[in-house]
file upload22.txt (compact mmCIF, C-alpha atoms)
# COMPACT_ATOMS: atom_id res chain seq x y z
CA MET A 1 27.05 17.65 -53.98
CA LEU A 2 26.08 18.24 -50.36
CA ASN A 3 23.66 15.31 -50.49
CA ALA A 4 26.39 13.15 -51.98
CA SER A 5 28.64 14.02 -49.03
CA ASP A 6 25.77 13.29 -46.60
CA ARG A 7 25.46 16.91 -45.47
CA VAL A 8 22.37 18.86 -44.43
CA GLN A 9 21.12 20.86 -47.41
CA GLY A 10 18.14 23.18 -47.12
CA TRP A 11 18.68 26.86 -47.89
CA SER A 12 22.37 26.09 -48.38
CA ASP A 13 23.05 25.04 -51.94
CA ALA A 14 25.38 22.98 -54.07
CA VAL A 15 25.46 22.18 -57.77
CA LEU A 16 24.09 18.95 -59.18
CA THR A 17 26.46 16.00 -59.39
CA PRO A 18 26.97 14.41 -62.82
CA GLN A 19 24.39 11.80 -61.82
CA GLY A 20 21.94 14.55 -60.88
CA GLN A 21 22.48 16.23 -64.24
CA ARG A 22 21.84 12.94 -66.03
CA GLN A 23 18.63 12.47 -64.07
CA ALA A 24 17.37 15.94 -65.04
CA ILE A 25 18.26 15.33 -68.68
CA SER A 26 16.66 11.87 -68.61
CA LEU A 27 13.47 13.31 -67.14
CA GLY A 28 13.29 15.92 -69.90
CA ARG A 29 13.83 13.24 -72.55
CA GLY A 30 11.13 11.06 -71.00
CA LEU A 31 8.63 13.92 -70.92
CA ALA A 32 9.43 14.69 -74.56
CA LYS A 33 8.73 11.09 -75.55
CA GLN A 34 5.26 11.43 -74.02
CA GLY A 35 4.69 14.77 -75.77
CA ILE A 36 4.30 16.64 -72.48
CA LEU A 37 4.88 20.37 -72.87
CA PHE A 38 4.49 23.15 -70.32
CA ASN A 39 2.77 26.51 -70.59
CA ALA A 40 4.88 27.95 -67.76
CA ALA A 41 7.82 26.93 -65.59
CA TYR A 42 8.63 27.80 -61.98
CA SER A 43 11.52 26.85 -59.76
CA SER A 44 12.89 27.39 -56.31
CA ASP A 45 15.65 29.99 -56.52
CA SER A 46 18.18 27.46 -55.21
CA GLY A 47 20.76 26.78 -57.89
CA ARG A 48 20.28 23.02 -57.86
CA ALA A 49 16.54 23.39 -58.55
CA LEU A 50 17.02 25.98 -61.30
CA GLN A 51 19.71 23.82 -62.89
CA THR A 52 17.29 20.89 -62.86
CA ALA A 53 14.54 22.98 -64.47
CA ARG A 54 16.81 24.30 -67.21
CA LEU A 55 18.22 20.88 -68.08
CA LEU A 56 14.76 19.31 -68.08
CA LEU A 57 13.33 21.96 -70.40
CA ALA A 58 16.34 21.91 -72.70
CA HIS A 59 15.86 18.19 -73.28
CA ASN A 60 12.08 18.45 -73.46
CA GLY A 61 12.38 20.76 -76.45
CA GLN A 62 11.44 23.87 -74.48
CA ALA A 63 14.79 25.50 -73.86
CA GLN A 64 13.33 28.94 -74.63
CA LEU A 65 10.58 28.72 -71.99
CA PRO A 66 11.49 31.21 -69.22
CA VAL A 67 11.85 29.81 -65.69
CA ARG A 68 10.35 32.05 -63.01
CA THR A 69 12.35 31.62 -59.79
CA ASP A 70 10.71 32.11 -56.41
CA TRP A 71 12.42 31.79 -53.02
CA ARG A 72 9.15 30.62 -51.46
CA PHE A 73 9.62 27.20 -53.10
CA ARG A 74 12.97 26.60 -51.36
CA GLU A 75 13.64 23.53 -49.23
CA PHE A 76 13.18 23.72 -45.44
CA ASN A 77 15.67 26.02 -43.71
CA PHE A 78 17.71 24.12 -41.11
CA GLY A 79 19.41 27.14 -39.58
CA SER A 80 22.71 26.42 -37.81
CA TYR A 81 22.52 22.77 -38.92
CA GLU A 82 23.01 23.70 -42.57
CA THR A 83 25.96 21.81 -44.15
CA LEU A 84 26.60 19.76 -40.99
CA ALA A 85 26.60 15.97 -41.18
CA ASN A 86 23.08 14.57 -41.52
CA GLN A 87 23.88 12.17 -38.69
CA THR A 88 24.39 15.12 -36.31
CA LEU A 89 20.98 16.59 -37.10
CA TRP A 90 19.10 13.30 -36.96
CA GLN A 91 20.73 12.25 -33.68
CA ASP A 92 19.92 15.59 -32.05
CA ILE A 93 16.27 15.21 -33.11
CA ALA A 94 16.10 11.66 -31.74
CA ASP A 95 17.69 12.76 -28.46
CA GLN A 96 15.17 15.63 -28.18
CA HIS A 97 12.34 13.09 -28.38
CA LYS A 98 14.13 10.67 -26.05
CA MET A 99 14.18 7.95 -28.70
CA SER A 100 16.83 5.96 -30.43
CA LEU A 101 17.65 7.14 -33.94
CA ALA A 102 16.09 3.99 -35.37
CA GLN A 103 12.85 4.61 -33.45
CA TRP A 104 12.59 8.23 -34.54
CA LEU A 105 13.16 7.41 -38.20
CA THR A 106 10.06 5.19 -38.17
CA LYS A 107 7.89 8.02 -36.78
CA VAL A 108 9.20 11.12 -38.53
CA THR A 109 6.78 13.42 -40.37
CA PRO A 110 7.67 16.68 -42.14
CA LYS A 111 5.85 18.66 -39.43
CA ASP A 112 7.58 16.95 -36.50
CA PHE A 113 10.89 17.22 -38.31
CA ALA A 114 10.65 20.95 -39.00
CA ASP A 115 9.23 21.88 -35.61
CA THR A 116 11.90 19.92 -33.73
CA VAL A 117 14.72 21.43 -35.79
CA ALA A 118 13.32 24.92 -35.10
CA ILE A 119 13.32 24.26 -31.34
CA LEU A 120 16.84 22.84 -31.36
CA ASP A 121 18.17 25.61 -33.58
CA GLN A 122 16.72 28.33 -31.35
CA ALA A 123 18.95 27.17 -28.50
CA ARG A 124 21.95 26.88 -30.81
CA GLN A 125 21.36 30.37 -32.23
CA GLN A 126 21.49 31.90 -28.75
CA ALA A 127 25.07 30.78 -28.48
CA ARG A 128 26.00 31.42 -32.12
CA ALA A 129 23.58 33.64 -34.05
CA ASP A 130 25.36 33.52 -37.38
CA THR A 131 22.70 32.31 -39.81
CA TRP A 132 19.01 32.47 -40.67
CA PRO A 133 17.04 30.66 -37.96
CA ALA A 134 15.45 27.33 -38.83
CA GLU A 135 11.80 27.49 -39.87
CA ASN A 136 8.97 25.76 -38.09
CA TYR A 137 6.33 23.95 -40.12
CA ALA A 138 3.80 26.79 -39.99
CA ALA A 139 6.33 29.25 -41.45
CA ILE A 140 7.25 26.80 -44.21
CA GLN A 141 3.64 26.19 -45.17
CA GLN A 142 2.89 29.92 -45.07
CA ARG A 143 5.55 30.72 -47.66
CA LEU A 144 4.61 27.72 -49.82
CA HIS A 145 0.96 28.79 -49.74
CA SER A 146 1.88 32.34 -50.72
CA GLY A 147 4.07 31.13 -53.58
CA MET A 148 1.41 28.71 -54.84
CA GLU A 149 -1.31 31.36 -54.75
CA GLN A 150 0.79 33.65 -56.93
CA LEU A 151 1.66 30.79 -59.31
CA ILE A 152 -2.03 29.93 -59.72
CA SER A 153 -3.03 33.58 -60.20
CA HIS A 154 -0.39 34.10 -62.87
CA THR A 155 -1.33 30.84 -64.61
CA ARG A 156 -5.01 31.82 -64.75
CA GLN A 157 -4.07 35.17 -66.27
CA GLN A 158 -2.20 33.27 -68.99
CA GLY A 159 -5.17 31.01 -69.73
CA GLY A 160 -4.22 27.97 -67.63
CA GLY A 161 -2.45 24.85 -68.84
CA LYS A 162 0.37 22.64 -67.61
CA VAL A 163 2.84 24.23 -65.22
CA LEU A 164 6.22 22.84 -64.24
CA LEU A 165 7.30 23.52 -60.64
CA VAL A 166 10.73 22.32 -59.55
CA SER A 167 11.10 22.30 -55.77
CA HIS A 168 12.59 20.01 -53.10
CA GLY A 169 11.57 16.78 -51.42
CA LEU A 170 10.47 18.01 -48.01
CA SER A 171 8.89 21.16 -49.40
CA ILE A 172 6.91 19.18 -51.97
CA ASN A 173 5.63 16.98 -49.14
CA ALA A 174 4.69 20.05 -47.10
CA LEU A 175 2.89 21.51 -50.12
CA LEU A 176 0.91 18.28 -50.58
CA ASP A 177 0.00 18.36 -46.90
CA LEU A 178 -1.24 21.92 -47.40
CA LEU A 179 -3.20 21.33 -50.62
CA LEU A 180 -4.55 17.87 -49.75
CA PRO A 181 -5.45 18.10 -46.05
CA GLY A 182 -6.32 14.85 -44.33
CA GLN A 183 -4.48 12.67 -46.83
CA THR A 184 -1.35 10.77 -45.83
CA VAL A 185 0.76 11.61 -48.87
CA ALA A 186 3.05 14.00 -46.97
CA THR A 187 5.17 11.16 -45.58
CA THR A 188 6.02 9.67 -48.99
CA ARG A 189 9.76 9.64 -49.62
CA LEU A 190 10.19 11.39 -52.95
CA GLU A 191 12.96 10.20 -55.26
CA ASN A 192 15.19 12.53 -57.24
CA ALA A 193 13.63 13.55 -60.58
CA SER A 194 10.28 12.05 -59.63
CA ILE A 195 7.04 13.64 -60.82
CA THR A 196 4.17 14.52 -58.50
CA ARG A 197 1.16 15.66 -60.53
CA LEU A 198 -1.77 17.74 -59.30
CA ARG A 199 -4.85 18.96 -61.10
CA LEU A 200 -6.69 22.09 -59.98
CA HIS A 201 -10.34 22.23 -61.03
CA ASN A 202 -13.08 24.43 -59.58
CA GLY A 203 -10.84 25.34 -56.66
CA GLN A 204 -10.14 21.71 -55.69
CA TYR A 205 -6.83 19.89 -55.97
CA GLN A 206 -6.72 16.29 -57.13
CA LEU A 207 -3.60 14.15 -56.77
CA LEU A 208 -2.97 12.30 -60.03
CA ASP A 209 0.52 10.90 -59.44
CA ILE A 210 3.11 10.94 -56.67
CA ASN A 211 6.77 9.95 -56.80
CA ASP A 212 6.31 8.88 -60.44
CA LEU A 213 9.56 7.66 -62.03
CA ARG A 214 8.19 6.42 -65.36
CA TYR A 215 9.26 9.55 -67.27
CA LEU A 216 12.76 9.34 -65.81
CA LYS A 217 13.01 5.69 -66.83
CA ALA A 218 11.54 6.32 -70.29
CA GLY A 219 14.24 8.88 -71.09
CA GLN A 220 17.09 7.16 -69.25
CA LEU A 221 20.41 8.54 -70.39
CA PRO A 222 23.13 5.86 -70.55
CA ALA A 223 25.63 6.26 -67.72
CA ASP A 224 28.55 6.53 -70.16
CA THR A 225 26.95 9.36 -72.17
CA SER A 226 28.97 12.57 -72.11
CA LEU A 227 27.17 15.48 -70.50
CA PRO A 228 26.43 18.46 -72.77
CA ALA A 229 28.82 21.37 -72.47
CA ASP A 230 26.05 23.71 -71.31
CA SER A 231 24.84 21.44 -68.50
CA ILE A 232 26.49 23.60 -65.83
CA ALA A 233 25.97 26.98 -67.49
CA PRO A 234 24.48 29.83 -65.43
CA PRO A 235 20.88 30.99 -65.97
CA THR A 236 20.19 33.01 -69.13
CA SER A 237 19.08 36.62 -69.10
CA LYS A 238 15.69 35.52 -70.46
CA GLU A 239 14.77 33.88 -67.19
CA ALA A 240 12.63 35.94 -64.83
CA THR A 241 13.32 36.35 -61.14
CA GLN A 242 10.87 37.51 -58.48
call {"tool": "encode", "arguments": {"input": "upload22.txt", "output": "structure tokens"}}
result
Amino acid sequence: MLNASDRVQGWSDAVLTPQGQRQAISLGRGLAKQGILFNAAYSSDSGRALQTARLLLAHNGQAQLPVRTDWRFREFNFGSYETLANQTLWQDIADQHKMSLAQWLTKVTPKDFADTVAILDQARQQARADTWPAENYAAIQQRLHSGMEQLISHTRQQGGGKVLLVSHGLSINALLDLLLPGQTVATTRLENASITRLRLHNGQYQLLDINDLRYLKAGQLPADTSLPADSIAPPTSKEATQ
């Protein structure tokens, strides 16, 4: 809902819109049509990510698969800019770099974005220290790395297999930048309910797909379809939190 109202949404959280729910359901249906099942499921602890994971699994035939939530897979933290108009944040970044907004938007990378927000927020926090400070890119990648290491360790203990991880656009890009150094995939604009697929073999990551919408399209739920009654239900007690 914050995205729909063009507001900054990182660690702040809002529920999925009806369209967002349909996308999550459609993705689950599309994965089911391809016979893709998961051995484990992880999600950011943000409600919108967990809601996506639960809807996806419910419509992929795996409603009973527990979702392990982990704060380390959250979106970037934008500090005092959280919930403000996106235009305010973007204009402040452009002004900091002495560029027009149009110029900055052609040059933005996740690293430059995060580091600039952290600098701007530090000055804002001095005048109004009422929220978590914005993270720089190193801090973001550190937590993502820690979360991924634990995910991999746990998966190996369970014998490997396919793992679902539901995170957020900028954080997924930062994770790709971390796992695939030297590649230019971190600037790809990721669509809602897109699939980015990695394979880990002998300690090396291989990018198989990025921003893949074929599963979403394959399971497309008609716009006039009524949403299931449990589409906004809270997490079940079976789901693990860490």
call {"tool": "closest_atom_pairs", "arguments": {"input": "upload22.txt", "of": "range 128-199 of chain A", "to": "range 49-62 of chain A", "cutoff": "9 Å", "atoms": "only C-alpha atoms", "output": "Markdown table"}}
result
| residue | atom | partner | partner_atom | distance |
| --- | --- | --- | --- | --- |
| A:Leu164 | CA | A:Ala53 | CA | 8.3 |
| A:Leu165 | CA | A:Ala53 | CA | 8.2 |
| A:Val166 | CA | A:Ala49 | CA | 6.0 |
| A:Ser167 | CA | A:Ala49 | CA | 6.2 |
| A:His168 | CA | A:Ala49 | CA | 7.5 |
| A:Ala193 | CA | A:Thr52 | CA | 8.5 |
call {"tool": "write_last_selection", "arguments": {"input": "upload22.txt", "atoms": "C-alpha atoms", "output": "compact mmCIF listing (two decimals), in the coordinates of the input"}}
result
# COMPACT_ATOMS: atom_id res chain seq x y z
CA LEU A 164 6.22 22.84 -64.24
CA LEU A 165 7.30 23.52 -60.64
CA VAL A 166 10.73 22.32 -59.55
CA SER A 167 11.10 22.30 -55.77
CA HIS A 168 12.59 20.01 -53.10
CA ALA A 193 13.63 13.55 -60.58
call {"tool": "atom_distance", "arguments": {"input": "upload22.txt", "atom1": "CA of Ile172 in chain A", "atom2": "CA of Thr196 in chain A"}}
result
8.5 Å
call {"tool": "residues_around", "arguments": {"input": "upload22.txt", "residues": "range 149-151 of chain A", "least_positions_apart": "6", "cutoff": "10 Å", "atoms": "all atoms listed in the file", "output": "ChimeraX atom specification"}}
result
/A:40-42,68,70,143,163,165
call {"tool": "residues_near_point", "arguments": {"input": "upload22.txt", "point": "(24.5, 26.3, -37.4)", "cutoff": "9 Å", "atoms": "all atoms listed in the file", "output": "PDB file with C-alpha atoms, in the frame of the given file"}}
result
ATOM      1  CA  PHE A  78      17.710  24.120 -41.110  1.00  0.00           C
ATOM      2  CA  GLY A  79      19.410  27.140 -39.580  1.00  0.00           C
ATOM      3  CA  SER A  80      22.710  26.420 -37.810  1.00  0.00           C
ATOM      4  CA  TYR A  81      22.520  22.770 -38.920  1.00  0.00           C
ATOM      5  CA  GLU A  82      23.010  23.700 -42.570  1.00  0.00           C
ATOM      6  CA  THR A  83      25.960  21.810 -44.150  1.00  0.00           C
ATOM      7  CA  LEU A  84      26.600  19.760 -40.990  1.00  0.00           C
ATOM      8  CA  ASP A 121      18.170  25.610 -33.580  1.00  0.00           C
ATOM      9  CA  ARG A 124      21.950  26.880 -30.810  1.00  0.00           C
ATOM     10  CA  GLN A 125      21.360  30.370 -32.230  1.00  0.00           C
ATOM     11  CA  ARG A 128      26.000  31.420 -32.120  1.00  0.00           C
ATOM     12  CA  ALA A 129      23.580  33.640 -34.050  1.00  0.00           C
ATOM     13  CA  ASP A 130      25.360  33.520 -37.380  1.00  0.00           C
ATOM     14  CA  THR A 131      22.700  32.310 -39.810  1.00  0.00           C
ATOM     15  CA  TRP A 132      19.010  32.470 -40.670  1.00  0.00           C
ATOM     16  CA  PRO A 133      17.040  30.660 -37.960  1.00  0.00           C
TER      17      PRO A 133
END
call {"tool": "residues_around", "arguments": {"input": "upload22.txt", "residues": "range 92-107 of chain A", "least_positions_apart": "3", "cutoff": "7 Å", "atoms": "all atoms listed in the file", "output": "PDB file with C-alpha atoms, in the coordinates of the input"}}
result
ATOM      1  CA  THR A  88      24.390  15.120 -36.310  1.00  0.00           C
ATOM      2  CA  LEU A  89      20.980  16.590 -37.100  1.00  0.00           C
ATOM      3  CA  THR A 116      11.900  19.920 -33.730  1.00  0.00           C
ATOM      4  CA  VAL A 117      14.720  21.430 -35.790  1.00  0.00           C
TER       5      VAL A 117
END
call {"tool": "axis_aligned_box", "arguments": {"input": "upload22.txt", "around": "range 201-216 of chain A", "padding_each_side": "4 Å", "output": "lines of an AutoDock Vina configuration file"}}
result
center_x = -0.2
center_y = 15.9
center_z = -61.5
size_x = 33.8
size_y = 26.9
size_z = 19.6
call {"tool": "closest_residue", "arguments": {"input": "upload22.txt", "among": "A:Gln64, A:Thr69, A:Gln141, A:Gln87", "to": "Ser171 in chain A", "atoms": "only C-alpha atoms"}}
result
A:Gln141
call {"tool": "closest_residue", "arguments": {"input": "upload22.txt", "among": "A:Lys33, A:Arg22, A:Arg74, A:Arg48", "to": "Leu2 in chain A", "atoms": "all atoms listed in the file"}}
result
A:Arg48
call {"tool": "residues_near_point", "arguments": {"input": "upload22.txt", "point": "(4.3, 19.8, -70.3)", "cutoff": "8 Å", "atoms": "all atoms listed in the file", "output": "VMD selection string"}}
result
chain A and resid 31 35 to 39 162 to 164
call {"tool": "residues_around", "arguments": {"input": "upload22.txt", "residues": "range 185-192 of chain A", "least_positions_apart": "2", "cutoff": "10 Å", "atoms": "only C-alpha atoms", "output": "MDAnalysis selection string"}}
result
chainID A and resid 20 23:24 107:111 168:178 180:183 194:196 207 210:213 216
call {"tool": "decode", "arguments": {"input": "upload22.txt", "residues": "range 154-179 of chain A", "atoms": "N, CA, C and O atoms", "output": "compact mmCIF listing (two decimals), in the first residue's frame"}}
result
# COMPACT_ATOMS: atom_id res chain seq x y z
N HIS A 154 21.75 -24.31 6.88
CA HIS A 154 20.56 -25.05 7.26
C HIS A 154 20.10 -25.95 6.11
O HIS A 154 19.70 -27.10 6.32
N THR A 155 20.17 -25.45 4.88
CA THR A 155 19.76 -26.23 3.73
C THR A 155 20.64 -27.46 3.55
O THR A 155 20.16 -28.56 3.25
N ARG A 156 21.94 -27.30 3.73
CA ARG A 156 22.86 -28.43 3.62
C ARG A 156 22.55 -29.49 4.67
O ARG A 156 22.60 -30.69 4.41
N GLN A 157 22.22 -29.04 5.88
CA GLN A 157 21.89 -29.98 6.95
C GLN A 157 20.65 -30.80 6.61
O GLN A 157 20.51 -31.94 7.05
N GLN A 158 19.76 -30.19 5.81
CA GLN A 158 18.52 -30.86 5.42
C GLN A 158 18.66 -31.64 4.11
O GLN A 158 17.67 -32.16 3.60
N GLY A 159 19.88 -31.69 3.55
CA GLY A 159 20.11 -32.48 2.35
C GLY A 159 20.03 -31.71 1.06
O GLY A 159 20.04 -32.31 -0.02
N GLY A 160 19.95 -30.37 1.12
CA GLY A 160 19.92 -29.56 -0.09
C GLY A 160 18.54 -29.48 -0.71
O GLY A 160 17.53 -29.78 -0.08
N GLY A 161 18.50 -29.09 -1.98
CA GLY A 161 17.23 -28.96 -2.69
C GLY A 161 16.88 -27.54 -3.01
O GLY A 161 17.67 -26.62 -2.81
N LYS A 162 15.68 -27.34 -3.51
CA LYS A 162 15.20 -26.01 -3.91
C LYS A 162 14.73 -25.23 -2.69
O LYS A 162 13.96 -25.73 -1.87
N VAL A 163 15.18 -23.99 -2.60
CA VAL A 163 14.80 -23.13 -1.48
C VAL A 163 14.13 -21.87 -2.02
O VAL A 163 14.65 -21.22 -2.93
N LEU A 164 13.00 -21.54 -1.47
CA LEU A 164 12.32 -20.28 -1.78
C LEU A 164 12.79 -19.21 -0.81
O LEU A 164 12.78 -19.41 0.40
N LEU A 165 13.20 -18.06 -1.34
CA LEU A 165 13.54 -16.90 -0.51
C LEU A 165 12.76 -15.70 -1.04
O LEU A 165 12.95 -15.29 -2.18
N VAL A 166 11.89 -15.15 -0.21
CA VAL A 166 11.12 -13.97 -0.59
C VAL A 166 11.74 -12.77 0.10
O VAL A 166 11.75 -12.67 1.33
N SER A 167 12.27 -11.85 -0.70
CA SER A 167 12.89 -10.64 -0.17
C SER A 167 12.34 -9.44 -0.95
O SER A 167 11.18 -9.45 -1.37
N HIS A 168 13.16 -8.41 -1.13
CA HIS A 168 12.71 -7.14 -1.70
C HIS A 168 13.65 -6.72 -2.82
O HIS A 168 14.82 -7.12 -2.86
N GLY A 169 13.14 -5.87 -3.71
CA GLY A 169 13.86 -5.53 -4.93
C GLY A 169 15.29 -5.08 -4.75
O GLY A 169 16.22 -5.65 -5.33
N LEU A 170 15.51 -4.05 -3.94
CA LEU A 170 16.86 -3.54 -3.75
C LEU A 170 17.75 -4.55 -3.02
O LEU A 170 18.93 -4.71 -3.36
N SER A 171 17.19 -5.24 -2.05
CA SER A 171 17.98 -6.21 -1.31
C SER A 171 18.35 -7.40 -2.17
O SER A 171 19.45 -7.96 -2.03
N ILE A 172 17.46 -7.82 -3.07
CA ILE A 172 17.81 -8.90 -3.99
C ILE A 172 18.95 -8.46 -4.89
O ILE A 172 19.91 -9.21 -5.14
N ASN A 173 18.90 -7.24 -5.37
CA ASN A 173 19.99 -6.71 -6.19
C ASN A 173 21.30 -6.68 -5.41
O ASN A 173 22.37 -7.03 -5.93
N ALA A 174 21.24 -6.24 -4.16
CA ALA A 174 22.45 -6.18 -3.34
C ALA A 174 23.00 -7.58 -3.08
O ALA A 174 24.21 -7.79 -3.02
N LEU A 175 22.11 -8.55 -2.92
CA LEU A 175 22.53 -9.93 -2.72
C LEU A 175 23.20 -10.49 -3.97
O LEU A 175 24.23 -11.17 -3.89
N LEU A 176 22.66 -10.16 -5.13
CA LEU A 176 23.29 -10.59 -6.39
C LEU A 176 24.67 -9.97 -6.54
O LEU A 176 25.62 -10.62 -7.00
N ASP A 177 24.78 -8.71 -6.17
CA ASP A 177 26.07 -8.01 -6.24
C ASP A 177 27.09 -8.69 -5.34
O ASP A 177 28.28 -8.76 -5.65
N LEU A 178 26.61 -9.20 -4.21
CA LEU A 178 27.47 -9.87 -3.24
C LEU A 178 27.88 -11.26 -3.72
O LEU A 178 29.05 -11.65 -3.60
N LEU A 179 26.94 -12.00 -4.26
CA LEU A 179 27.19 -13.40 -4.63
C LEU A 179 27.81 -13.55 -6.01
O LEU A 179 28.45 -14.57 -6.31
